[in-house]
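Heads up: the structure comes next, in structure tokens.
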Amino acid sequence: MQQLHLDLSQSATRATILSQLLSAMTDDQRACYDEAIAKLSVPDEHHHHLSDVLMAIESLNADEQVKLDMKGVYRILAEAEAAVHEVPVEEIHFHEVGNGSGILNAAKICTAFWVLSPHQVTCTPVQTGCGTIECAHGTLPIPAPATKAILDNGIPLQEQTLEGELCTPTSAAIISHFVTEFSE
């Protein structure tokens, strides 16, 4: 078992998180990861509701821990979206994160955590970015409301923000789900 530290001070995107996880792997761990990812078969369709996403996750050819982690990440996302839109979790409508590529991105990160199997995950304060973003809901401030709702649950932020969206709702949910401690 190992301790894992993520530096999300400049970017907290899914790509940044995955890159850091992959760089922490040994050659044997990377081979295990590549094999696990090759087995995944994510339906290339849009899953609008949490129940649809959870069924898609359950159908994956993945380790049970990966599925549990993915479900945890998507529940965090659903709860944040429900709070922002003031609707029950069952009524939220996933946009980008509900499509096949969004589910695959979450699967890749959850698989990387499973392969690394750290006993502790620490992280720097998170870089959210600043400005505005165009999405299915129109023009939104950065961090987007769902991202902010997740981050407001005790995730420390970088004081100086950089331009652009550097932490999405999915990456915030991943941080919330996996990180056990925040430190420089």
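Residues are named by chain letter and number: chains run A, B, ... in the order of the structure tokens, numbers start at 1 in each chain, and ligands are numbered from 1 in the order shown.
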
_If we count only C-alpha atoms and set the cut-off at 6 Å, which residues sit around range 136-147 of chain A, ignoring sequence neighbours fewer than 6 positions away in its own chain? Please answer as a list in words._
Ala80, Glu81, Thr128, Cys130, Thr168 and Pro169 of chain A

For the residues in that selection, give me N, CA, C and O atoms as an mmCIF file, in the first residue's frame.
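Okay, selection_8.cif is ready:
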```
data_model
loop_
_atom_site.group_PDB
_atom_site.id
_atom_site.type_symbol
_atom_site.label_atom_id
_atom_site.label_comp_id
_atom_site.auth_asym_id
_atom_site.auth_seq_id
_atom_site.Cartn_x
_atom_site.Cartn_y
_atom_site.Cartn_z
ATOM 1 N N ALA A 80 -25.101 17.073 -6.052
ATOM 2 C CA ALA A 80 -24.756 18.474 -6.310
ATOM 3 C C ALA A 80 -25.709 19.080 -7.342
ATOM 4 O O ALA A 80 -26.202 20.200 -7.159
ATOM 5 N N GLU A 81 -25.963 18.347 -8.421
ATOM 6 C CA GLU A 81 -26.886 18.841 -9.452
ATOM 7 C C GLU A 81 -28.294 19.028 -8.873
ATOM 8 O O GLU A 81 -28.964 20.014 -9.164
ATOM 9 N N THR A 128 -9.542 26.005 -9.252
ATOM 10 C CA THR A 128 -10.839 25.944 -9.931
ATOM 11 C C THR A 128 -10.813 26.625 -11.288
ATOM 12 O O THR A 128 -11.579 26.279 -12.174
ATOM 13 N N CYS A 130 -11.104 30.467 -13.355
ATOM 14 C CA CYS A 130 -12.059 31.570 -13.255
ATOM 15 C C CYS A 130 -12.506 31.980 -14.650
ATOM 16 O O CYS A 130 -11.919 31.581 -15.644
ATOM 17 N N THR A 168 -13.951 20.657 -13.034
ATOM 18 C CA THR A 168 -15.315 20.403 -13.494
ATOM 19 C C THR A 168 -16.114 19.719 -12.377
ATOM 20 O O THR A 168 -15.531 19.270 -11.390
ATOM 21 N N PRO A 169 -17.412 19.598 -12.547
ATOM 22 C CA PRO A 169 -18.173 18.850 -11.538
ATOM 23 C C PRO A 169 -17.646 17.418 -11.360
ATOM 24 O O PRO A 169 -17.545 16.940 -10.223
#
```

*Using only C-alpha atoms, which residues sit within 10 Å of range 108-122 of chain A once same-chain residues fewer than 2 positions away are excluded, as a PyMOL selection string?*
chain A and resi 1-7+14-15+17-22+24-26+28-34+36-37+40+62-70+73+103-106+124-125+171+174-175+178-184

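If you look at CA of Gly154 in chain A and CA of Ser176 in chain A, they are 8.8 Å away from each other.
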
*Mind checking which residues fall within 12 Å of Ala56 in chain A, counting only C-alpha atoms, ignoring those fewer than 6 positions away in the same chain, and posting them as a count of residues only?*
23

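The closest residue to Cys167 in chain A, picked from A:Ile133, A:Val97, A:Leu54, A:Val126 and counting only C-alpha atoms, is A:Val126.
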
*Select from range 33-155 of chain A everything DSSP, run on the backbone, classes as strand (DSSP E), then give the selection as a ChimeraX atom specification.*
/A:118-123,129-135,138-142

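The two atoms in question, CA of Cys123 in chain A and CA of Leu8 in chain A, are spaced 6.8 Å apart.
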
_Exercise: Ser11 in chain A partners within 7 Å, only C-alpha atoms, chain neighbours under 5 positions left out, as a PyMOL selection string_ = chain A and resi 16+127+166-167

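For the set A:Glu159, A:Glu58, A:Asp152, A:Glu165, the residue with the smallest atom-to-atom gap to Gly131 in chain A is A:Glu165, counting only C-alpha atoms.
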